[in-house]
$ cat query_6.csv   # CSV, C-alpha atoms and all ligand atoms
chain,number,residue,atom,x,y,z
A,1,MET,CA,6.5,25.5,14.9
A,2,SER,CA,8.3,22.2,14.2
A,3,ALA,CA,6.1,19.2,13.4
A,4,GLU,CA,6.0,15.9,15.3
A,5,VAL,CA,7.7,13.3,13.1
A,6,LEU,CA,5.5,10.2,12.6
A,7,ASP,CA,7.9,7.3,12.8
A,8,GLY,CA,6.8,4.8,10.2
A,9,ARG,CA,9.7,2.5,11.0
A,10,ALA,CA,8.6,2.1,14.6
A,11,ILE,CA,4.9,1.7,13.7
A,12,ALA,CA,5.8,-0.9,11.0
A,13,ALA,CA,8.1,-2.8,13.4
A,14,ALA,CA,5.3,-3.0,16.0
A,15,LEU,CA,2.8,-4.3,13.3
A,16,ARG,CA,5.4,-6.9,12.2
A,17,GLU,CA,5.7,-8.1,15.7
A,18,ARG,CA,2.0,-8.5,16.1
A,19,VAL,CA,1.9,-10.4,12.8
A,20,ALA,CA,4.7,-12.7,14.0
A,21,ALA,CA,2.8,-13.3,17.2
A,22,VAL,CA,-0.4,-14.3,15.4
A,23,VAL,CA,1.5,-16.6,13.1
A,24,ALA,CA,3.4,-18.2,16.0
A,25,ARG,CA,0.1,-18.7,17.9
A,26,ARG,CA,-1.6,-20.4,14.9
A,27,VAL,CA,1.4,-22.7,14.3
A,28,ALA,CA,1.5,-23.6,18.0
A,29,ALA,CA,-2.2,-24.6,17.7
A,30,GLY,CA,-1.3,-27.1,14.9
A,31,ASN,CA,-2.2,-24.9,11.9
A,32,PRO,CA,0.1,-24.5,8.9
A,33,ALA,CA,2.1,-21.2,8.7
A,34,PRO,CA,0.5,-18.8,6.2
A,35,GLY,CA,2.1,-19.0,2.7
A,36,LEU,CA,2.7,-16.1,0.3
A,37,ALA,CA,3.5,-16.7,-3.3
A,38,THR,CA,5.6,-14.0,-5.0
A,39,VAL,CA,5.9,-13.9,-8.8
A,40,LEU,CA,8.6,-11.8,-10.4
A,41,VAL,CA,8.7,-11.2,-14.2
A,42,GLY,CA,11.9,-9.9,-15.9
A,43,ASP,CA,15.1,-8.4,-14.5
A,44,ASP,CA,14.1,-4.9,-13.3
A,45,PRO,CA,16.7,-4.3,-10.4
A,46,ALA,CA,14.2,-2.3,-8.3
A,47,SER,CA,11.6,-5.0,-8.5
A,48,HIS,CA,14.2,-7.7,-7.5
A,49,VAL,CA,15.1,-5.6,-4.4
A,50,TYR,CA,11.4,-5.1,-3.5
A,51,VAL,CA,10.6,-8.8,-3.8
A,52,ALA,CA,13.7,-9.9,-1.9
A,53,ASN,CA,12.8,-7.5,0.9
A,54,LYS,CA,9.2,-8.8,1.0
A,55,ARG,CA,10.4,-12.5,1.2
A,56,LYS,CA,12.9,-11.6,4.0
A,57,ALA,CA,10.1,-9.9,6.0
A,58,CYS,CA,7.9,-13.0,5.5
A,59,ALA,CA,10.7,-15.3,6.8
A,60,GLU,CA,11.1,-13.0,9.9
A,61,ALA,CA,7.4,-13.2,10.6
A,62,GLY,CA,7.2,-17.0,10.2
A,63,ILE,CA,5.3,-16.7,6.9
A,64,ARG,CA,6.2,-19.3,4.2
A,65,SER,CA,7.3,-17.8,0.9
A,66,ILE,CA,6.9,-19.6,-2.4
A,67,HIS,CA,8.8,-17.7,-5.1
A,68,HIS,CA,8.6,-17.9,-8.9
A,69,GLU,CA,10.8,-16.0,-11.4
A,70,LEU,CA,9.9,-15.7,-15.0
A,71,ARG,CA,11.9,-14.3,-18.0
A,72,GLY,CA,10.9,-10.8,-19.2
A,73,ASP,CA,9.8,-12.2,-22.5
A,74,VAL,CA,7.6,-14.9,-21.0
A,75,PRO,CA,4.4,-15.5,-23.0
A,76,GLU,CA,1.4,-13.9,-21.3
A,77,ARG,CA,-0.3,-17.3,-21.3
A,78,GLU,CA,2.5,-18.9,-19.3
A,79,LEU,CA,2.2,-16.3,-16.6
A,80,LEU,CA,-1.6,-16.6,-16.5
A,81,ASP,CA,-1.3,-20.4,-16.1
A,82,LEU,CA,1.2,-20.0,-13.3
A,83,VAL,CA,-1.0,-17.5,-11.4
A,84,ALA,CA,-4.1,-19.8,-11.9
A,85,THR,CA,-2.1,-22.8,-10.5
A,86,LEU,CA,-1.1,-20.8,-7.5
A,87,ASP,CA,-4.7,-19.7,-7.0
A,88,ARG,CA,-5.8,-23.3,-6.9
A,89,ASP,CA,-2.9,-24.4,-4.6
A,90,THR,CA,-4.3,-24.8,-1.0
A,91,GLU,CA,-0.8,-24.2,0.4
A,92,VAL,CA,-0.8,-20.7,-1.0
A,93,ASP,CA,-2.8,-18.2,1.0
A,94,GLY,CA,-1.7,-15.0,-0.8
A,95,ILE,CA,-0.4,-14.2,-4.3
A,96,LEU,CA,1.7,-11.2,-5.1
A,97,VAL,CA,2.6,-10.5,-8.7
A,98,GLN,CA,5.3,-7.7,-8.6
A,99,MET,CA,4.3,-4.7,-10.7
A,100,PRO,CA,5.0,-3.2,-13.2
A,101,LEU,CA,4.8,-6.1,-15.7
A,102,PRO,CA,6.4,-6.0,-19.1
A,103,ASP,CA,4.4,-4.1,-21.8
A,104,HIS,CA,3.3,-7.3,-23.6
A,105,ILE,CA,1.4,-8.5,-20.5
A,106,ASP,CA,-2.1,-7.2,-19.6
A,107,GLN,CA,-2.1,-6.5,-15.9
A,108,ASP,CA,-5.9,-6.8,-15.7
A,109,LEU,CA,-5.8,-10.3,-17.1
A,110,VAL,CA,-3.2,-11.4,-14.5
A,111,LEU,CA,-5.3,-9.9,-11.7
A,112,ALA,CA,-8.4,-11.7,-13.0
A,113,GLU,CA,-6.6,-15.0,-12.3
A,114,ILE,CA,-6.3,-14.1,-8.5
A,115,SER,CA,-9.2,-14.9,-6.2
A,116,ALA,CA,-10.2,-11.9,-4.0
A,117,GLY,CA,-9.4,-14.0,-0.9
A,118,LYS,CA,-5.7,-14.4,-2.1
A,119,ASP,CA,-5.4,-10.9,-3.4
A,120,VAL,CA,-2.9,-9.6,-0.8
A,121,ASP,CA,-2.3,-6.4,-2.9
A,122,GLY,CA,-6.0,-5.6,-2.8
A,123,LEU,CA,-6.0,-4.8,-6.5
A,124,THR,CA,-8.8,-7.1,-7.9
A,125,PRO,CA,-12.1,-5.5,-8.8
A,126,VAL,CA,-13.9,-7.4,-6.0
A,127,ASN,CA,-11.6,-6.1,-3.3
A,128,ALA,CA,-11.6,-2.6,-4.7
A,129,GLY,CA,-15.4,-2.8,-4.9
A,130,HIS,CA,-15.7,-3.8,-1.2
A,131,LEU,CA,-13.6,-0.8,-0.3
A,132,ALA,CA,-15.5,1.6,-2.6
A,133,GLN,CA,-18.8,0.4,-1.3
A,134,GLY,CA,-17.8,1.2,2.3
A,135,ARG,CA,-17.5,-2.3,3.7
A,136,ILE,CA,-14.0,-1.6,5.0
A,137,GLY,CA,-13.5,0.9,7.7
A,138,VAL,CA,-10.4,1.5,9.8
A,139,ARG,CA,-11.1,-1.5,12.0
A,140,GLU,CA,-11.7,-3.9,9.1
A,141,ALA,CA,-8.5,-2.6,7.3
A,142,LEU,CA,-6.3,-3.0,10.4
A,143,ASP,CA,-7.6,-6.0,12.4
A,144,LEU,CA,-5.4,-9.1,12.1
A,145,GLU,CA,-7.8,-11.7,13.4
A,146,SER,CA,-11.3,-10.5,13.9
A,147,GLY,CA,-13.7,-9.3,11.3
A,148,ASP,CA,-15.3,-11.0,8.4
A,149,PRO,CA,-12.7,-12.7,6.1
A,150,LEU,CA,-15.0,-12.2,3.1
A,151,VAL,CA,-15.0,-8.5,3.5
A,152,GLY,CA,-11.9,-7.8,1.5
A,153,LEU,CA,-8.2,-7.0,1.4
A,154,VAL,CA,-7.0,-3.4,1.1
A,155,PRO,CA,-3.9,-2.2,-0.9
A,156,CYS,CA,-0.9,-2.2,1.4
A,157,THR,CA,0.3,1.4,1.1
A,158,PRO,CA,-3.0,3.2,1.8
A,159,ALA,CA,-3.7,0.7,4.6
A,160,GLY,CA,-0.3,1.5,6.0
A,161,VAL,CA,-1.1,5.2,5.9
A,162,ILE,CA,-4.3,4.6,7.9
A,163,GLU,CA,-2.3,2.6,10.4
A,164,ILE,CA,0.0,5.5,10.9
A,165,LEU,CA,-2.9,7.9,11.3
A,166,ASP,CA,-4.7,5.6,13.7
A,167,ARG,CA,-1.6,4.9,15.9
A,168,SER,CA,-0.8,8.6,16.0
A,169,GLY,CA,-4.2,9.5,17.2
A,170,VAL,CA,-5.1,11.7,14.2
A,171,GLU,CA,-8.9,12.5,14.2
A,172,LEU,CA,-10.3,11.6,10.8
A,173,ALA,CA,-14.1,11.9,11.4
A,174,GLY,CA,-15.2,15.3,10.0
A,175,ALA,CA,-11.6,16.2,9.0
A,176,ASN,CA,-10.9,17.8,5.6
A,177,ALA,CA,-8.6,15.3,3.9
A,178,VAL,CA,-6.9,16.0,0.6
A,179,VAL,CA,-5.3,13.2,-1.4
A,180,ILE,CA,-3.0,14.2,-4.3
A,181,GLY,CA,-3.1,11.3,-6.8
A,182,ARG,CA,-5.8,9.0,-8.1
A,183,SER,CA,-3.9,5.7,-8.9
A,184,ILE,CA,-5.5,2.3,-8.4
A,185,LEU,CA,-2.6,1.4,-6.1
A,186,VAL,CA,-2.6,4.4,-3.8
A,187,GLY,CA,-4.8,7.5,-4.4
A,188,ARG,CA,-8.2,5.9,-5.0
A,189,PRO,CA,-8.1,3.3,-2.2
A,190,MET,CA,-6.6,6.0,0.1
A,191,ALA,CA,-9.6,8.3,-0.7
A,192,SER,CA,-12.0,5.4,0.0
A,193,LEU,CA,-10.4,4.5,3.3
A,194,LEU,CA,-10.7,8.2,4.4
A,195,VAL,CA,-14.3,8.4,3.3
A,196,ASN,CA,-15.0,5.2,5.2
A,197,ALA,CA,-13.4,6.8,8.3
A,198,ASP,CA,-15.8,9.8,7.9
A,199,ALA,CA,-13.4,12.3,6.6
A,200,THR,CA,-14.5,14.9,4.0
A,201,VAL,CA,-12.3,13.9,1.1
A,202,THR,CA,-11.0,15.8,-2.0
A,203,VAL,CA,-9.0,13.9,-4.6
A,204,CYS,CA,-6.6,15.9,-6.7
A,205,HIS,CA,-4.7,14.9,-9.9
A,206,SER,CA,-2.9,16.4,-12.8
A,207,ARG,CA,-6.0,18.3,-14.0
A,208,THR,CA,-6.8,19.9,-10.6
A,209,ARG,CA,-7.0,23.7,-10.7
A,210,ASP,CA,-5.4,25.7,-7.9
A,211,LEU,CA,-3.8,22.6,-6.3
A,212,ALA,CA,-1.9,24.6,-3.7
A,213,GLU,CA,-5.1,26.4,-2.6
A,214,VAL,CA,-7.0,23.1,-2.3
A,215,CYS,CA,-4.1,21.6,-0.3
A,216,ARG,CA,-4.1,24.6,2.1
A,217,ARG,CA,-7.7,23.6,3.2
A,218,ALA,CA,-6.5,20.1,4.3
A,219,ASP,CA,-6.4,19.0,7.9
A,220,VAL,CA,-4.9,15.8,6.6
A,221,LEU,CA,-2.8,16.1,3.4
A,222,ILE,CA,-1.7,13.0,1.6
A,223,ALA,CA,0.8,13.3,-1.3
A,224,ALA,CA,1.0,10.3,-3.7
A,225,VAL,CA,2.2,12.0,-6.9
A,226,GLY,CA,5.7,10.8,-7.8
A,227,ARG,CA,7.1,14.4,-8.1
A,228,PRO,CA,10.1,15.2,-5.9
A,229,GLU,CA,9.2,17.9,-3.3
A,230,MET,CA,6.3,19.2,-5.2
A,231,VAL,CA,4.3,20.1,-2.1
A,232,GLY,CA,5.8,23.3,-0.7
A,233,GLY,CA,5.5,24.6,2.8
A,234,ASP,CA,3.0,27.2,1.7
A,235,TRP,CA,0.7,24.5,0.6
A,236,VAL,CA,0.3,23.2,4.2
A,237,LYS,CA,-2.4,24.5,6.6
A,238,PRO,CA,-0.8,25.3,10.0
A,239,GLY,CA,-1.4,22.4,12.3
A,240,ALA,CA,-2.2,19.9,9.5
A,241,THR,CA,-1.0,16.3,9.4
A,242,VAL,CA,1.1,15.7,6.3
A,243,ILE,CA,1.6,12.1,4.9
A,244,ASP,CA,4.2,11.8,2.2
A,245,VAL,CA,3.8,8.6,0.1
A,246,GLY,CA,6.2,9.7,-2.6
A,247,MET,CA,9.4,7.7,-3.2
A,248,ASN,CA,11.5,9.5,-5.8
A,249,ARG,CA,15.0,8.5,-6.6
A,250,THR,CA,17.1,11.6,-7.3
A,251,ASP,CA,20.8,12.5,-7.4
A,252,GLU,CA,20.4,13.5,-3.8
A,253,GLY,CA,18.9,10.1,-2.8
A,254,LEU,CA,15.4,9.1,-2.0
A,255,VAL,CA,13.0,12.1,-1.6
A,256,GLY,CA,9.3,12.4,-1.1
A,257,ASP,CA,6.6,14.4,-2.8
A,258,VAL,CA,6.7,17.0,0.0
A,259,ASP,CA,9.4,19.7,0.7
A,260,TYR,CA,10.0,18.1,4.1
A,261,ALA,CA,12.0,20.9,5.8
A,262,ALA,CA,9.5,23.6,4.7
A,263,ALA,CA,6.4,21.6,5.5
A,264,ALA,CA,7.7,20.5,8.9
A,265,GLU,CA,7.8,24.2,9.9
A,266,VAL,CA,4.0,24.5,9.4
A,267,ALA,CA,2.5,21.1,10.0
A,268,ALA,CA,1.7,19.6,13.4
A,269,ARG,CA,2.7,16.1,12.2
A,270,ILE,CA,4.6,14.8,9.2
A,271,THR,CA,6.0,11.5,7.9
A,272,PRO,CA,9.7,11.6,6.7
A,273,VAL,CA,11.1,10.0,3.6
A,274,PRO,CA,12.6,7.5,4.1
A,275,GLY,CA,11.2,6.1,7.3
A,276,GLY,CA,7.6,7.1,7.0
A,277,VAL,CA,5.1,5.3,4.7
A,278,GLY,CA,7.7,3.1,3.0
A,279,PRO,CA,8.2,0.6,5.9
A,280,MET,CA,4.4,0.3,6.4
A,281,THR,CA,3.9,-1.2,2.9
A,282,ILE,CA,5.8,-4.4,3.6
A,283,ALA,CA,4.4,-4.7,7.1
A,284,MET,CA,0.8,-4.5,5.7
A,285,LEU,CA,1.7,-7.1,3.1
A,286,LEU,CA,2.5,-9.5,6.0
A,287,ALA,CA,-0.7,-8.4,7.7
A,288,ASN,CA,-2.8,-9.0,4.6
A,289,THR,CA,-1.2,-12.5,4.2
A,290,VAL,CA,-2.3,-13.4,7.7
A,291,ARG,CA,-5.8,-12.1,7.0
A,292,ALA,CA,-5.9,-14.0,3.7
A,293,SER,CA,-5.0,-17.2,5.6
A,294,ARG,CA,-8.0,-17.0,8.0
B,1,LIG,P1,1.0,7.1,-10.3
B,1,LIG,O1,0.2,5.9,-10.7
B,1,LIG,O2,2.0,7.6,-11.3
B,1,LIG,O3,-0.1,8.2,-10.0
B,1,LIG,C1,0.4,9.5,-9.7
B,1,LIG,C2,-0.9,10.4,-9.5
B,1,LIG,O4,-0.4,11.7,-9.3
B,1,LIG,C3,-1.8,10.4,-10.7
B,1,LIG,O5,-3.1,10.4,-10.3
B,1,LIG,C4,-1.5,11.8,-11.4
B,1,LIG,O6,-2.6,12.4,-12.0
B,1,LIG,C5,-1.1,12.6,-10.2
B,1,LIG,N1,-0.2,13.7,-10.6
B,1,LIG,C6,0.9,13.6,-11.4
B,1,LIG,N2,1.4,14.8,-11.6
B,1,LIG,C7,0.6,15.7,-10.9
B,1,LIG,C8,0.6,17.1,-10.7
B,1,LIG,N3,1.6,17.9,-11.3
B,1,LIG,N4,-0.3,17.7,-10.0
B,1,LIG,C9,-1.3,16.9,-9.4
B,1,LIG,N5,-1.3,15.6,-9.5
B,1,LIG,C10,-0.4,15.0,-10.3
B,1,LIG,O7,1.8,6.8,-9.0
B,1,LIG,P2,1.4,5.9,-7.7
B,1,LIG,O8,1.7,4.5,-8.0
B,1,LIG,O9,0.1,6.3,-7.2
B,1,LIG,O10,2.6,6.4,-6.7
B,1,LIG,C11,2.7,7.8,-6.3
B,1,LIG,C12,3.9,8.0,-5.5
B,1,LIG,O11,3.9,7.1,-4.4
B,1,LIG,C13,5.2,7.6,-6.3
B,1,LIG,O12,6.3,8.4,-5.8
B,1,LIG,C14,5.5,6.2,-5.8
B,1,LIG,O13,6.9,5.9,-5.9
B,1,LIG,C15,5.1,6.3,-4.4
B,1,LIG,N6,4.7,5.0,-3.8
B,1,LIG,C16,5.2,4.7,-2.6
B,1,LIG,C17,4.9,3.5,-2.0
B,1,LIG,C18,5.4,3.2,-0.7
B,1,LIG,O14,5.5,2.0,-0.3
B,1,LIG,N7,5.8,4.2,0.1
B,1,LIG,C19,4.0,2.6,-2.6
B,1,LIG,C20,3.5,2.9,-3.9
B,1,LIG,C21,3.8,4.1,-4.5
B,1,LIG,P3,-3.4,11.8,-13.3
B,1,LIG,O15,-4.2,10.7,-12.8
B,1,LIG,O16,-4.2,12.9,-13.8
B,1,LIG,O17,-2.3,11.4,-14.2
$ encode --input "query_6.csv" --output "structure tokens"
Amino acid sequence: MSAEVLDGRAIAAALRERVAAVVARRVAAGNPAPGLATVLVGDDPASHVYVANKRKACAEAGIRSIHHELRGDVPERELLDLVATLDRDTEVDGILVQMPLPDHIDQDLVLAEISAGKDVDGLTPVNAGHLAQGRIGVREALDLESGDPLVGLVPCTPAGVIEILDRSGVELAGANAVVIGRSILVGRPMASLLVNADATVTVCHSRTRDLAEVCRRADVLIAAVGRPEMVGGDWVKPGATVIDVGMNRTDEGLVGDVDYAAAAEVAARITPVPGGVGPMTIAMLLANTVRASR
């Protein structure tokens, strides 16, 4: 068997087109374009590339971007004051503080300055709480215009995974889903979204026993670990859907958490790295900015 390749680039491009169309319609009706504030602290080259890509994608979708760069040794107070100012600014619909932050800055204090309604990364306790309490299903996570704007914003990467599964017609209700990873950014919100979509969910982490055996029971297997090609072909149930969130830079280039060639022999569907989940994250950031501007 050779798996169907789930094309994240194409699904992300379609979502970005839908976002651009919503923005264009709103502007044509006399409303201001949505505005996303990005805050970058320090000179980590990867973070600079990520933020530049996000701002470019905003421009292509007609979203205004407001950018602030601070030195790596900026006092914590200065960053908190900037975020608080952006939070009060009525021209700013969404705020993205690029992580990771330098060690002397407490990420939780920074997030505490962002209102849930501007939290386009979905990382504040209020948004995480809405998701954990089951108020955000697939429709609420993916709709651009309808739905209750007070219901919350979902972290971009897991929302992107749900969009891939939804667009690819993967049945989640009643499915056994296994998520490897329990981070606040990916694993936990991913598990909540799957529970809210009526899957039976197992969350694995570094203390999980018999990880391969647990993975072999998965109809939907989601790897968000950060270990190159850890998930072998013999971890995959025949006919499963395998979603590889991992982005690991190695001497051979960017590789995922799944041994792609081996897993593709067994799975029914699989996302590649690159070209799978990665492009969805930026597309979802644009979608969340449009949602935040409702
Ligand atoms: P993270 O915060 O480092 O979390 C990794 C998780 O994997 C933790 O829960 C950890 O368990 C678990 N883990 C580590 N080693 C393990 C092992 N040997 N067996 C089982 N579980 C293990 O990473 P993250 O931010 O969630 O990101 C995960 C991966 O996704 C990374 O490769 C990252 O680059 C990628 N990523 C991609 C995108 C995208 O846009 N495609 C976005 C975000 C992240 P413990 O909790 O027990 O430590």
$ closest_residue --input "query_6.csv" --among "A:Ala159, A:Leu165, A:Leu109, A:Val97" --to "ligand LIG 1 (chain B)" --atoms "only C-alpha atoms and all ligand atoms"
A:Ala159
$ residues_around --input "query_6.csv" --residues "Leu80 of chain A" --least-positions-apart "5" --cutoff "12 Å" --atoms "only C-alpha atoms" --output "number ranges by chain"
A: 39, 41, 70, 74-75, 85-87, 97, 105-114
$ residues_near_ligand --input "query_6.csv" --ligand "ligand LIG 1 (chain B)" --cutoff "9 Å" --atoms "all atoms listed in the file" --output "JSON, numbers by chain"
{"A": [156, 157, 158, 160, 180, 181, 182, 183, 184, 185, 186, 187, 188, 203, 204, 205, 206, 207, 208, 209, 211, 223, 224, 225, 226, 227, 228, 230, 244, 245, 246, 247, 248, 249, 255, 256, 257, 273, 274, 276, 277, 278, 279, 280, 281, 282]}
$ closest_residue --input "query_6.csv" --among "A:Ala28, A:Val179, A:Leu286, A:Leu6" --to "Leu96 of chain A" --atoms "all atoms listed in the file"
A:Leu286
$ atom_distance --input "query_6.csv" --atom1 "atom CA of Gly169 of chain A" --atom2 "atom CA of Val236 of chain A"
19.4 Å
$ residues_near_point --input "query_6.csv" --point "(-0.8, -8.3, 7.4)" --cutoff "12 Å" --atoms "only C-alpha atoms" --output "VMD selection string"
chain A and resid 12 14 to 23 34 36 54 57 to 58 61 63 93 to 94 120 to 122 140 to 145 153 to 157 159 to 160 163 280 to 294
$ atom_distance --input "query_6.csv" --atom1 "atom CA of Asp89 of chain A" --atom2 "atom CA of Arg135 of chain A"
27.8 Å
